[in-house]
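> So that we are looking at the same thing, I have put the structure below in structure tokens.
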Amino acid sequence: MPRKPSGHRLLPVRPLTFSPFARSVARVATAYMVKHHVRDAMQHSAGDEFKKLKKVDRQSESSEDEEFDGVVEADFAFFDPKPEDFHGVKTLLQSYHDNKEWDLSGFVDLILGQTTVGTVVKLEDDEDKGVFSIITALNLGRYKDHKCISELKEFLLKLCLEKDKIGNLRSLLGDKAQDVGLLVSQRVVNLPPELLPHLYDALFDEILWATEDEPTEELRNSFRFKFYIVVSKIYKHKNANQKRTSSTDKDDAFIYIKPEEEILHKLSMWSFLFPLQTQQVVAHELKDYQLNGIVMAVKAEGISSFRQQLRTLISES
Amino acid sequence: MATRIQFENSCEVGVFSKLTNAYCLVAIGGSENFYSAFESELADVIPVVKTSIAGTRIIGRLCAGNKNGLLVPHNTTDQELQHLRNSLPDQVVVQRIEEKLSALGNCIACNDHVALTHTDLDKETEEIIADVLGVEVFRQTIAGNILVGSYCAFSNRGGLVHPHTSIEDLDELSTLLQVPLVAGTINRGSEVIAAGMTVNDWTAFCGSDTTATELSVIESVFKLREAQPTAIVEEMRKSLIDSYV
């Protein structure tokens, strides 16, 4: 078949993709999403649980067409995990285990398979179906045969360098695994904190409903968690181990990336830190701090206090 | 043969590597598993070179090349350029080009004979591509996307393009490229083909999320097995996203 040698060909007319100007207009148009409904309390409906949330409205002026001054109004909605959320959730959990290779895809499949407990936060009518946050609790005993869970247990046991905690960890991951829930919560950094109390309320309410609604006795019991394990990252002050006088008290020993972890850390039975291997880009304000991984174990009885404290914390800030 | 691998838990292997018929570039970092996967397949045949480009690991998306040459963006450092010139075979011309669209891997898709480029590429760059890589250059879009280097991957034997490419576009592209094309996905439904895989005439590397169906499509369109392509197409008629051209 003869091929035309010239480099320029007549292309079929396709709007808005060719010129740089058209592309920037298209970019501004999609970023400017205006929704004007305000919804109040959460509604719980059976089937596809779909809780609407108060519109997050940082500033009252709306942005103009040409000028994009950084104000975007959006409606976040909570959804049950679905298989189509795979890529979004996987991206959020990319650094869950530092940079170690493990069965992350299997882990994400596990989370998405558990539709009764677990919430995915997306924009209400988003075409791109971008996932903004994922929260769920996985019973370590129920899923102990899955490769990702056994790899996770191995990693955690290897990472625990503190002798007094390793016994506790081993028992929670081993014989007490049936009562232990792995609390997985990950979000984009700019997710509005107003969503957090609702997100955690949603999770713990779903756990409670699952203990009543699940079809089999075994499944119902699997949600009667006595302990929760949280794996996350925090910033620790490099000089935290030294004795500090009152003049340096203004530097906190720990800085928490996620605000609820401060509460969880205080309520935890025990916790340990472990060093991370990935290289970190350190902001100037954080130059005295080092990013560490942390594993915390929280008793289930402490959860109602946690929810209360979280609500107070968020409404204050 | 198509192999599934991952780079540090990411399935976007086409971002961290660049595979051609004469050489293979691999990003630094990650575990040794990534590098050794390439080494075990390619070591005796072509050099596997560890490198960075512009200090980053996303080398597959920043550079474009084939057996005749390699084009790197203007922000490649002198040391990196020298390292590439030293490590690659002598017949491969390594050229740094001044082009404002510096992610050359996203803007240019090429095999040893033809290149498809971003519509806004400079005229000078087009000439350098034709000269250094020894190819005919066509400005094209794929399913309405101008980043042709991201949404298709092709070798001298076949090609895989964005799943939403229409039949007419497939025909047109196939005529230009003179290879059979299939519209499909990689890594469990991802549309960014070239980010998820890297391919040459006898082997391909795909992200570990790639399903068995996707892998079969890849092995058949790029003729990586010795089996008859038509037989495979008949077997998998229902699961193929589009027809064979």
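In the structure tokens, chains take the letters A, B, ... in the order shown, each chain's residues start at 1, and ligands count up from 1 in the order shown.
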Given a cut-off of 12 Å, which residues of chain B touch chain A, counting only C-alpha atoms, written out as a ChimeraX atom specification?
/B:5-12,29-34,114-121,123,126-127,129-130,135-147,168-169,172-179,187-191,207-211
> Where does DSSP see helix (DSSP H, G or I) in region 147-253 of chain A, if you list the residues as a compact mmCIF listing (two decimals) with all heavy atoms, in the first residue's frame?

```
# COMPACT_ATOMS: atom_id res chain seq x y z
N LYS A 147 -2.28 -13.80 50.56
CA LYS A 147 -0.83 -13.52 50.48
C LYS A 147 -0.51 -12.14 51.04
O LYS A 147 0.46 -11.96 51.75
CB LYS A 147 -0.44 -13.61 49.01
CG LYS A 147 1.02 -13.43 48.76
CD LYS A 147 1.37 -13.96 47.36
CE LYS A 147 2.72 -13.41 46.96
NZ LYS A 147 2.72 -12.71 45.70
N CYS A 148 -1.36 -11.15 50.74
CA CYS A 148 -1.03 -9.79 51.15
C CYS A 148 -1.05 -9.67 52.67
O CYS A 148 -0.21 -8.98 53.26
CB CYS A 148 -1.99 -8.79 50.53
SG CYS A 148 -3.70 -9.23 50.71
N ILE A 149 -1.98 -10.36 53.32
CA ILE A 149 -2.06 -10.25 54.78
C ILE A 149 -0.88 -10.97 55.42
O ILE A 149 -0.28 -10.47 56.39
CB ILE A 149 -3.40 -10.80 55.29
CG1 ILE A 149 -4.55 -9.95 54.76
CG2 ILE A 149 -3.43 -10.87 56.79
CD1 ILE A 149 -4.58 -8.53 55.27
N SER A 150 -0.52 -12.14 54.88
CA SER A 150 0.63 -12.82 55.51
C SER A 150 1.92 -12.04 55.27
O SER A 150 2.78 -11.96 56.14
CB SER A 150 0.76 -14.26 55.03
OG SER A 150 0.60 -14.36 53.66
N GLU A 151 2.04 -11.41 54.09
CA GLU A 151 3.23 -10.57 53.85
C GLU A 151 3.24 -9.40 54.80
O GLU A 151 4.28 -9.02 55.34
CB GLU A 151 3.22 -10.04 52.40
CG GLU A 151 3.70 -11.04 51.39
CD GLU A 151 3.71 -10.50 49.98
OE1 GLU A 151 3.03 -9.48 49.72
OE2 GLU A 151 4.38 -11.09 49.13
N LEU A 152 2.06 -8.81 55.04
CA LEU A 152 1.97 -7.68 55.94
C LEU A 152 2.40 -8.07 57.34
O LEU A 152 3.15 -7.36 58.00
CB LEU A 152 0.52 -7.18 55.95
CG LEU A 152 0.23 -5.94 56.73
CD1 LEU A 152 -0.49 -4.97 55.83
CD2 LEU A 152 -0.67 -6.21 57.90
N LYS A 153 1.94 -9.22 57.80
CA LYS A 153 2.32 -9.68 59.14
C LYS A 153 3.83 -9.86 59.24
O LYS A 153 4.46 -9.44 60.21
CB LYS A 153 1.64 -11.01 59.46
CG LYS A 153 0.16 -10.89 59.72
CD LYS A 153 -0.42 -12.25 60.10
CE LYS A 153 -1.92 -12.16 60.22
NZ LYS A 153 -2.56 -13.47 60.42
N GLU A 154 4.39 -10.46 58.19
CA GLU A 154 5.86 -10.66 58.18
C GLU A 154 6.60 -9.35 58.29
O GLU A 154 7.54 -9.19 59.05
CB GLU A 154 6.26 -11.29 56.86
CG GLU A 154 6.63 -12.73 56.90
CD GLU A 154 6.99 -13.20 55.50
OE1 GLU A 154 8.04 -12.74 54.99
OE2 GLU A 154 6.21 -13.97 54.94
N PHE A 155 6.17 -8.37 57.46
CA PHE A 155 6.83 -7.07 57.46
C PHE A 155 6.77 -6.43 58.83
O PHE A 155 7.75 -5.92 59.34
CB PHE A 155 6.16 -6.12 56.47
CG PHE A 155 6.46 -6.40 55.04
CD1 PHE A 155 5.54 -6.08 54.06
CD2 PHE A 155 7.66 -6.95 54.66
CE1 PHE A 155 5.82 -6.34 52.74
CE2 PHE A 155 7.94 -7.22 53.33
CZ PHE A 155 7.01 -6.90 52.37
N LEU A 156 5.57 -6.44 59.42
CA LEU A 156 5.42 -5.76 60.71
C LEU A 156 6.28 -6.43 61.77
O LEU A 156 6.90 -5.76 62.60
CB LEU A 156 3.95 -5.76 61.14
CG LEU A 156 3.02 -4.89 60.29
CD1 LEU A 156 1.61 -4.94 60.85
CD2 LEU A 156 3.50 -3.46 60.24
N LEU A 157 6.33 -7.76 61.75
CA LEU A 157 7.13 -8.43 62.76
C LEU A 157 8.61 -8.15 62.57
O LEU A 157 9.36 -7.98 63.52
CB LEU A 157 6.87 -9.94 62.72
CG LEU A 157 5.52 -10.35 63.31
CD1 LEU A 157 5.22 -11.80 63.00
CD2 LEU A 157 5.53 -10.14 64.81
N LYS A 158 9.02 -8.03 61.29
CA LYS A 158 10.43 -7.73 61.05
C LYS A 158 10.78 -6.31 61.45
O LYS A 158 11.89 -6.01 61.87
CB LYS A 158 10.73 -7.90 59.55
CG LYS A 158 11.66 -9.04 59.24
CD LYS A 158 12.07 -9.03 57.80
CE LYS A 158 11.12 -9.91 57.01
NZ LYS A 158 11.38 -9.96 55.58
N LEU A 159 9.80 -5.40 61.28
CA LEU A 159 10.09 -3.99 61.52
C LEU A 159 10.15 -3.66 63.00
O LEU A 159 10.71 -2.64 63.38
CB LEU A 159 8.99 -3.12 60.88
CG LEU A 159 8.99 -3.06 59.38
CD1 LEU A 159 7.72 -2.39 58.91
CD2 LEU A 159 10.18 -2.29 58.87
N LYS A 163 11.91 -4.81 71.82
CA LYS A 163 11.65 -6.17 72.32
C LYS A 163 10.36 -6.27 73.12
O LYS A 163 9.68 -7.28 73.09
CB LYS A 163 12.83 -6.64 73.17
CG LYS A 163 14.09 -6.81 72.38
CD LYS A 163 15.01 -7.84 73.00
CE LYS A 163 16.28 -8.02 72.18
NZ LYS A 163 17.01 -6.77 71.91
N ASP A 164 10.04 -5.20 73.86
CA ASP A 164 8.87 -5.34 74.73
C ASP A 164 7.57 -5.28 73.93
O ASP A 164 6.55 -5.81 74.36
CB ASP A 164 8.87 -4.25 75.81
CG ASP A 164 9.13 -2.87 75.22
OD1 ASP A 164 9.66 -2.80 74.09
OD2 ASP A 164 8.82 -1.87 75.88
N LYS A 165 7.63 -4.68 72.74
CA LYS A 165 6.38 -4.59 71.98
C LYS A 165 6.18 -5.80 71.09
O LYS A 165 5.07 -6.10 70.67
CB LYS A 165 6.40 -3.33 71.09
CG LYS A 165 6.82 -2.07 71.79
CD LYS A 165 5.67 -1.43 72.53
CE LYS A 165 6.11 -0.33 73.46
NZ LYS A 165 6.93 0.72 72.83
N ILE A 166 7.28 -6.48 70.76
CA ILE A 166 7.15 -7.51 69.73
C ILE A 166 6.29 -8.66 70.22
O ILE A 166 5.57 -9.30 69.43
CB ILE A 166 8.53 -7.97 69.23
CG1 ILE A 166 8.37 -8.71 67.90
CG2 ILE A 166 9.25 -8.87 70.23
CD1 ILE A 166 9.63 -8.82 67.10
N GLY A 167 6.33 -8.92 71.53
CA GLY A 167 5.47 -9.98 72.06
C GLY A 167 4.01 -9.64 71.86
O GLY A 167 3.21 -10.48 71.41
N ASN A 168 3.66 -8.38 72.17
CA ASN A 168 2.27 -7.94 71.98
C ASN A 168 1.86 -8.05 70.52
O ASN A 168 0.78 -8.50 70.19
CB ASN A 168 2.13 -6.47 72.41
CG ASN A 168 2.34 -6.30 73.88
OD1 ASN A 168 2.06 -7.20 74.65
ND2 ASN A 168 2.85 -5.16 74.28
N LEU A 169 2.77 -7.59 69.67
CA LEU A 169 2.47 -7.60 68.24
C LEU A 169 2.23 -9.02 67.76
O LEU A 169 1.28 -9.32 67.04
CB LEU A 169 3.62 -6.96 67.47
CG LEU A 169 3.42 -6.82 65.97
CD1 LEU A 169 2.27 -5.90 65.67
CD2 LEU A 169 4.68 -6.30 65.31
N ARG A 170 3.11 -9.90 68.20
CA ARG A 170 3.01 -11.28 67.74
C ARG A 170 1.68 -11.89 68.15
O ARG A 170 1.03 -12.60 67.40
CB ARG A 170 4.16 -12.11 68.33
CG ARG A 170 4.66 -13.19 67.42
CD ARG A 170 5.70 -14.02 68.14
NE ARG A 170 6.96 -13.31 68.30
CZ ARG A 170 7.89 -13.22 67.35
NH1 ARG A 170 7.71 -13.83 66.20
NH2 ARG A 170 8.99 -12.56 67.56
N SER A 171 1.25 -11.57 69.39
CA SER A 171 -0.01 -12.19 69.82
C SER A 171 -1.18 -11.59 69.06
O SER A 171 -2.11 -12.28 68.68
CB SER A 171 -0.19 -12.05 71.32
OG SER A 171 -0.66 -10.78 71.65
N LEU A 172 -1.13 -10.28 68.79
CA LEU A 172 -2.23 -9.67 68.05
C LEU A 172 -2.31 -10.21 66.62
O LEU A 172 -3.37 -10.38 66.06
CB LEU A 172 -2.06 -8.15 67.98
CG LEU A 172 -2.56 -7.34 69.17
CD1 LEU A 172 -2.51 -5.87 68.82
CD2 LEU A 172 -3.98 -7.71 69.54
N LEU A 173 -1.15 -10.47 66.04
CA LEU A 173 -1.15 -10.95 64.66
C LEU A 173 -1.36 -12.46 64.60
O LEU A 173 -1.68 -13.01 63.56
CB LEU A 173 0.18 -10.62 63.98
CG LEU A 173 0.48 -9.14 63.78
CD1 LEU A 173 1.84 -8.97 63.12
CD2 LEU A 173 -0.56 -8.49 62.90
N ALA A 177 -5.68 -12.89 66.26
CA ALA A 177 -5.97 -12.26 64.97
C ALA A 177 -7.46 -12.18 64.68
O ALA A 177 -7.93 -11.25 64.01
CB ALA A 177 -5.26 -13.00 63.83
N GLN A 178 -8.24 -13.13 65.18
CA GLN A 178 -9.68 -13.11 64.92
C GLN A 178 -10.35 -11.86 65.47
O GLN A 178 -11.42 -11.47 65.00
CB GLN A 178 -10.34 -14.34 65.59
CG GLN A 178 -10.31 -15.58 64.76
CD GLN A 178 -11.08 -15.43 63.47
OE1 GLN A 178 -11.98 -14.60 63.34
NE2 GLN A 178 -10.73 -16.22 62.48
N ASP A 179 -9.74 -11.25 66.49
CA ASP A 179 -10.38 -10.09 67.10
C ASP A 179 -9.76 -8.78 66.66
O ASP A 179 -10.10 -7.72 67.20
CB ASP A 179 -10.23 -10.17 68.63
CG ASP A 179 -10.77 -11.46 69.18
OD1 ASP A 179 -11.81 -11.91 68.68
OD2 ASP A 179 -10.15 -11.99 70.10
N LEU A 195 -14.42 16.45 56.67
CA LEU A 195 -14.97 15.15 56.31
C LEU A 195 -14.59 14.06 57.30
O LEU A 195 -15.25 13.03 57.37
CB LEU A 195 -14.44 14.73 54.93
CG LEU A 195 -15.00 15.47 53.73
CD1 LEU A 195 -14.27 15.02 52.49
CD2 LEU A 195 -16.46 15.19 53.57
N LEU A 196 -13.51 14.29 58.06
CA LEU A 196 -12.95 13.19 58.85
C LEU A 196 -13.90 12.60 59.89
O LEU A 196 -14.03 11.38 59.97
CB LEU A 196 -11.64 13.62 59.51
CG LEU A 196 -10.51 13.86 58.53
CD1 LEU A 196 -9.29 14.36 59.27
CD2 LEU A 196 -10.17 12.59 57.79
N PRO A 197 -14.57 13.43 60.72
CA PRO A 197 -15.45 12.80 61.71
C PRO A 197 -16.52 11.96 61.04
O PRO A 197 -16.84 10.86 61.50
CB PRO A 197 -16.07 13.99 62.45
CG PRO A 197 -15.18 15.14 62.19
CD PRO A 197 -14.57 14.91 60.86
N HIS A 198 -17.05 12.45 59.90
CA HIS A 198 -18.09 11.70 59.21
C HIS A 198 -17.54 10.41 58.66
O HIS A 198 -18.20 9.37 58.67
CB HIS A 198 -18.66 12.55 58.07
CG HIS A 198 -19.33 13.79 58.55
ND1 HIS A 198 -20.56 13.79 59.15
CD2 HIS A 198 -18.92 15.07 58.53
CE1 HIS A 198 -20.87 15.04 59.48
NE2 HIS A 198 -19.90 15.83 59.12
N LEU A 199 -16.31 10.48 58.17
CA LEU A 199 -15.69 9.29 57.58
C LEU A 199 -15.52 8.20 58.63
O LEU A 199 -15.88 7.04 58.42
CB LEU A 199 -14.34 9.69 57.01
CG LEU A 199 -13.74 8.87 55.89
CD1 LEU A 199 -14.66 8.78 54.72
CD2 LEU A 199 -12.43 9.51 55.44
N TYR A 200 -14.99 8.59 59.78
CA TYR A 200 -14.78 7.59 60.83
C TYR A 200 -16.09 7.12 61.42
O TYR A 200 -16.26 5.95 61.76
CB TYR A 200 -13.84 8.13 61.91
CG TYR A 200 -12.40 8.00 61.53
CD1 TYR A 200 -11.74 9.02 60.86
CD2 TYR A 200 -11.70 6.83 61.80
CE1 TYR A 200 -10.42 8.87 60.47
CE2 TYR A 200 -10.39 6.67 61.41
CZ TYR A 200 -9.75 7.70 60.76
OH TYR A 200 -8.44 7.55 60.36
N ASP A 201 -17.06 8.05 61.56
CA ASP A 201 -18.38 7.63 62.03
C ASP A 201 -18.96 6.60 61.08
O ASP A 201 -19.53 5.59 61.50
CB ASP A 201 -19.33 8.84 62.10
CG ASP A 201 -19.06 9.68 63.33
OD1 ASP A 201 -18.36 9.18 64.24
OD2 ASP A 201 -19.54 10.83 63.38
N ALA A 202 -18.81 6.88 59.78
CA ALA A 202 -19.34 5.94 58.79
C ALA A 202 -18.72 4.57 58.97
O ALA A 202 -19.41 3.55 58.96
CB ALA A 202 -19.06 6.46 57.37
N LEU A 203 -17.40 4.54 59.16
CA LEU A 203 -16.73 3.26 59.29
C LEU A 203 -17.21 2.50 60.51
O LEU A 203 -17.60 1.33 60.43
CB LEU A 203 -15.21 3.46 59.39
CG LEU A 203 -14.44 2.15 59.56
CD1 LEU A 203 -14.47 1.35 58.28
CD2 LEU A 203 -13.02 2.42 59.98
N PHE A 204 -17.22 3.17 61.66
CA PHE A 204 -17.57 2.44 62.88
C PHE A 204 -19.05 2.09 62.92
O PHE A 204 -19.43 1.05 63.46
CB PHE A 204 -17.12 3.22 64.11
CG PHE A 204 -15.62 3.29 64.23
CD1 PHE A 204 -14.94 4.49 64.09
CD2 PHE A 204 -14.88 2.13 64.42
CE1 PHE A 204 -13.56 4.54 64.16
CE2 PHE A 204 -13.50 2.17 64.49
CZ PHE A 204 -12.84 3.38 64.36
N ASP A 205 -19.88 2.92 62.32
CA ASP A 205 -21.30 2.55 62.22
C ASP A 205 -21.46 1.31 61.35
O ASP A 205 -22.22 0.39 61.68
CB ASP A 205 -22.11 3.70 61.61
CG ASP A 205 -22.33 4.83 62.61
OD1 ASP A 205 -22.14 4.57 63.83
OD2 ASP A 205 -22.67 5.95 62.18
N GLU A 206 -20.74 1.28 60.24
CA GLU A 206 -20.85 0.11 59.36
C GLU A 206 -20.38 -1.15 60.06
O GLU A 206 -20.96 -2.23 59.87
CB GLU A 206 -20.00 0.32 58.10
CG GLU A 206 -20.66 1.19 57.07
CD GLU A 206 -19.89 1.22 55.77
OE1 GLU A 206 -18.65 1.33 55.80
OE2 GLU A 206 -20.54 1.14 54.73
N ILE A 207 -19.33 -1.02 60.87
CA ILE A 207 -18.85 -2.19 61.61
C ILE A 207 -19.95 -2.67 62.55
O ILE A 207 -20.24 -3.86 62.65
CB ILE A 207 -17.57 -1.85 62.39
CG1 ILE A 207 -16.42 -1.62 61.41
CG2 ILE A 207 -17.21 -2.97 63.36
CD1 ILE A 207 -15.14 -1.17 62.07
N LEU A 208 -20.60 -1.72 63.21
CA LEU A 208 -21.68 -2.09 64.13
C LEU A 208 -22.82 -2.76 63.39
O LEU A 208 -23.34 -3.80 63.81
CB LEU A 208 -22.18 -0.82 64.84
CG LEU A 208 -23.19 -1.06 65.94
CD1 LEU A 208 -22.57 -1.89 67.04
CD2 LEU A 208 -23.68 0.27 66.52
N TRP A 209 -23.22 -2.20 62.24
CA TRP A 209 -24.31 -2.79 61.47
C TRP A 209 -23.92 -4.16 60.95
O TRP A 209 -24.75 -5.05 60.86
CB TRP A 209 -24.68 -1.87 60.29
CG TRP A 209 -25.25 -0.57 60.73
CD1 TRP A 209 -26.03 -0.33 61.82
CD2 TRP A 209 -25.05 0.70 60.10
NE1 TRP A 209 -26.36 1.00 61.90
CE2 TRP A 209 -25.77 1.65 60.86
CE3 TRP A 209 -24.37 1.12 58.96
CZ2 TRP A 209 -25.80 3.00 60.52
CZ3 TRP A 209 -24.40 2.45 58.62
CH2 TRP A 209 -25.12 3.38 59.40
N ALA A 210 -22.64 -4.31 60.60
CA ALA A 210 -22.21 -5.61 60.07
C ALA A 210 -22.32 -6.70 61.13
O ALA A 210 -22.65 -7.84 60.82
CB ALA A 210 -20.78 -5.53 59.56
N THR A 211 -22.11 -6.32 62.39
CA THR A 211 -22.23 -7.35 63.43
C THR A 211 -23.66 -7.82 63.56
O THR A 211 -23.94 -8.86 64.13
CB THR A 211 -21.75 -6.85 64.80
OG1 THR A 211 -22.52 -5.70 65.14
CG2 THR A 211 -20.29 -6.49 64.79
N GLU A 212 -24.60 -7.01 63.05
CA GLU A 212 -26.00 -7.45 63.11
C GLU A 212 -26.52 -7.97 61.79
O GLU A 212 -27.32 -8.90 61.75
CB GLU A 212 -26.88 -6.26 63.53
CG GLU A 212 -26.61 -5.77 64.94
CD GLU A 212 -27.03 -4.31 65.13
OE1 GLU A 212 -27.74 -3.79 64.24
OE2 GLU A 212 -26.64 -3.71 66.13
N ASP A 213 -26.04 -7.37 60.67
CA ASP A 213 -26.66 -7.65 59.38
C ASP A 213 -26.02 -8.74 58.56
O ASP A 213 -26.61 -9.21 57.61
CB ASP A 213 -26.65 -6.38 58.50
CG ASP A 213 -27.50 -5.29 59.10
OD1 ASP A 213 -28.39 -5.63 59.89
OD2 ASP A 213 -27.25 -4.12 58.76
N GLU A 217 -23.09 -16.38 60.96
CA GLU A 217 -22.59 -16.13 62.32
C GLU A 217 -21.10 -15.79 62.29
O GLU A 217 -20.63 -14.90 62.98
CB GLU A 217 -22.85 -17.39 63.15
CG GLU A 217 -22.41 -17.29 64.60
CD GLU A 217 -23.25 -16.35 65.41
OE1 GLU A 217 -24.46 -16.21 65.13
OE2 GLU A 217 -22.70 -15.70 66.31
N GLU A 218 -20.39 -16.53 61.43
CA GLU A 218 -18.94 -16.33 61.35
C GLU A 218 -18.60 -14.91 60.93
O GLU A 218 -17.74 -14.25 61.49
CB GLU A 218 -18.40 -17.31 60.31
CG GLU A 218 -16.94 -17.66 60.47
CD GLU A 218 -16.47 -18.50 59.30
OE1 GLU A 218 -17.26 -19.38 58.88
OE2 GLU A 218 -15.36 -18.27 58.83
N LEU A 219 -19.32 -14.43 59.90
CA LEU A 219 -19.05 -13.09 59.40
C LEU A 219 -19.42 -12.05 60.46
O LEU A 219 -18.72 -11.05 60.62
CB LEU A 219 -19.83 -12.82 58.12
CG LEU A 219 -19.29 -13.49 56.87
CD1 LEU A 219 -20.21 -13.24 55.69
CD2 LEU A 219 -17.90 -12.99 56.54
N ARG A 220 -20.51 -12.31 61.15
CA ARG A 220 -20.92 -11.34 62.17
C ARG A 220 -19.85 -11.24 63.23
O ARG A 220 -19.49 -10.16 63.68
CB ARG A 220 -22.26 -11.76 62.81
CG ARG A 220 -23.47 -11.45 61.94
CD ARG A 220 -24.72 -11.45 62.77
NE ARG A 220 -25.11 -12.80 63.15
CZ ARG A 220 -25.89 -13.60 62.41
NH1 ARG A 220 -26.36 -13.17 61.26
NH2 ARG A 220 -26.19 -14.80 62.82
N ASN A 221 -19.32 -12.40 63.63
CA ASN A 221 -18.28 -12.37 64.65
C ASN A 221 -17.01 -11.71 64.15
O ASN A 221 -16.27 -11.11 64.94
CB ASN A 221 -17.95 -13.79 65.12
CG ASN A 221 -19.04 -14.33 66.01
OD1 ASN A 221 -19.77 -13.56 66.60
ND2 ASN A 221 -19.14 -15.64 66.10
N SER A 222 -16.77 -11.83 62.85
CA SER A 222 -15.51 -11.28 62.35
C SER A 222 -15.47 -9.76 62.46
O SER A 222 -14.42 -9.16 62.38
CB SER A 222 -15.27 -11.71 60.90
OG SER A 222 -16.13 -11.01 60.03
N SER A 246 12.11 23.66 79.29
CA SER A 246 10.84 24.30 78.91
C SER A 246 11.01 25.19 77.69
O SER A 246 10.08 25.46 76.97
CB SER A 246 10.30 25.12 80.08
OG SER A 246 11.32 25.99 80.51
N SER A 247 12.23 25.68 77.45
CA SER A 247 12.39 26.59 76.31
C SER A 247 12.18 25.89 74.98
O SER A 247 11.80 26.50 74.00
CB SER A 247 13.78 27.24 76.35
OG SER A 247 14.75 26.21 76.27
N THR A 248 12.43 24.61 74.92
CA THR A 248 12.24 23.93 73.63
C THR A 248 10.89 23.24 73.56
O THR A 248 10.62 22.48 72.66
CB THR A 248 13.33 22.87 73.39
OG1 THR A 248 13.32 21.97 74.51
CG2 THR A 248 14.68 23.51 73.26
```
> Do you have the CA of Leu19 (chain B)-CA of Thr51 (chain B) distance handy?
13.0 Å
> Give me, please, the distance in Å between CA of Pro47 (chain B) and CA of Cys24 (chain B), quoted to one decimal.
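Taking CA of Pro47 (chain B) as the start and CA of Cys24 (chain B) as the end point, the length is 6.3 Å.
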> Among region 9-129 of chain B, which ones does DSSP assign to strand (DSSP E or B) (computed from the backbone)? Answer as a ChimeraX atom specification.
/B:10,17-19,24-27,48-51,53,56,64-65,69-72,93-96,108-110,114-117
> With only C-alpha atoms as the atoms that count, which of B:Ile28, B:Leu81, B:Ala195, B:Met1 lies nearest to Leu215 (chain B)?
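Nearest candidate to Leu215 (chain B) out of B:Ile28, B:Leu81, B:Ala195, B:Met1: B:Met1.
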> Taking only C-alpha atoms into account, name the residue in B:Ala109, B:Leu70, B:Ile186, B:Leu84 that is nearest to Ser155 (chain B).
B:Ala109
> Would you mind reading off the distance between CA of Met296 (chain A) and CA of Leu93 (chain A), one decimal, in Å?
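That distance, rounded to one decimal, is 18.0 Å.
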> What's the 8 Å shell around Lys122 (chain A), counting only C-alpha atoms, without same-chain residues fewer than 2 positions away, as a list in words?
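That gives Phe76, Ala77, Phe78, Phe79, Val120, Glu124, Asp126, Lys129, Gly130, Val131, Phe132 and Ser133 of chain A.
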> Measuring between only C-alpha atoms, which one of B:Gln82, B:Gln91, B:Thr3, B:Asn106 shows the shortest distance to Ile218 (chain B)?
B:Thr3
> Nearest residue to Leu92 (chain A) out of A:Lys226, A:His146, A:Arg311, A:Arg187, using only C-alpha atoms?
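Among A:Lys226, A:His146, A:Arg311, A:Arg187, it is A:Arg187 that comes nearest to Leu92 (chain A).
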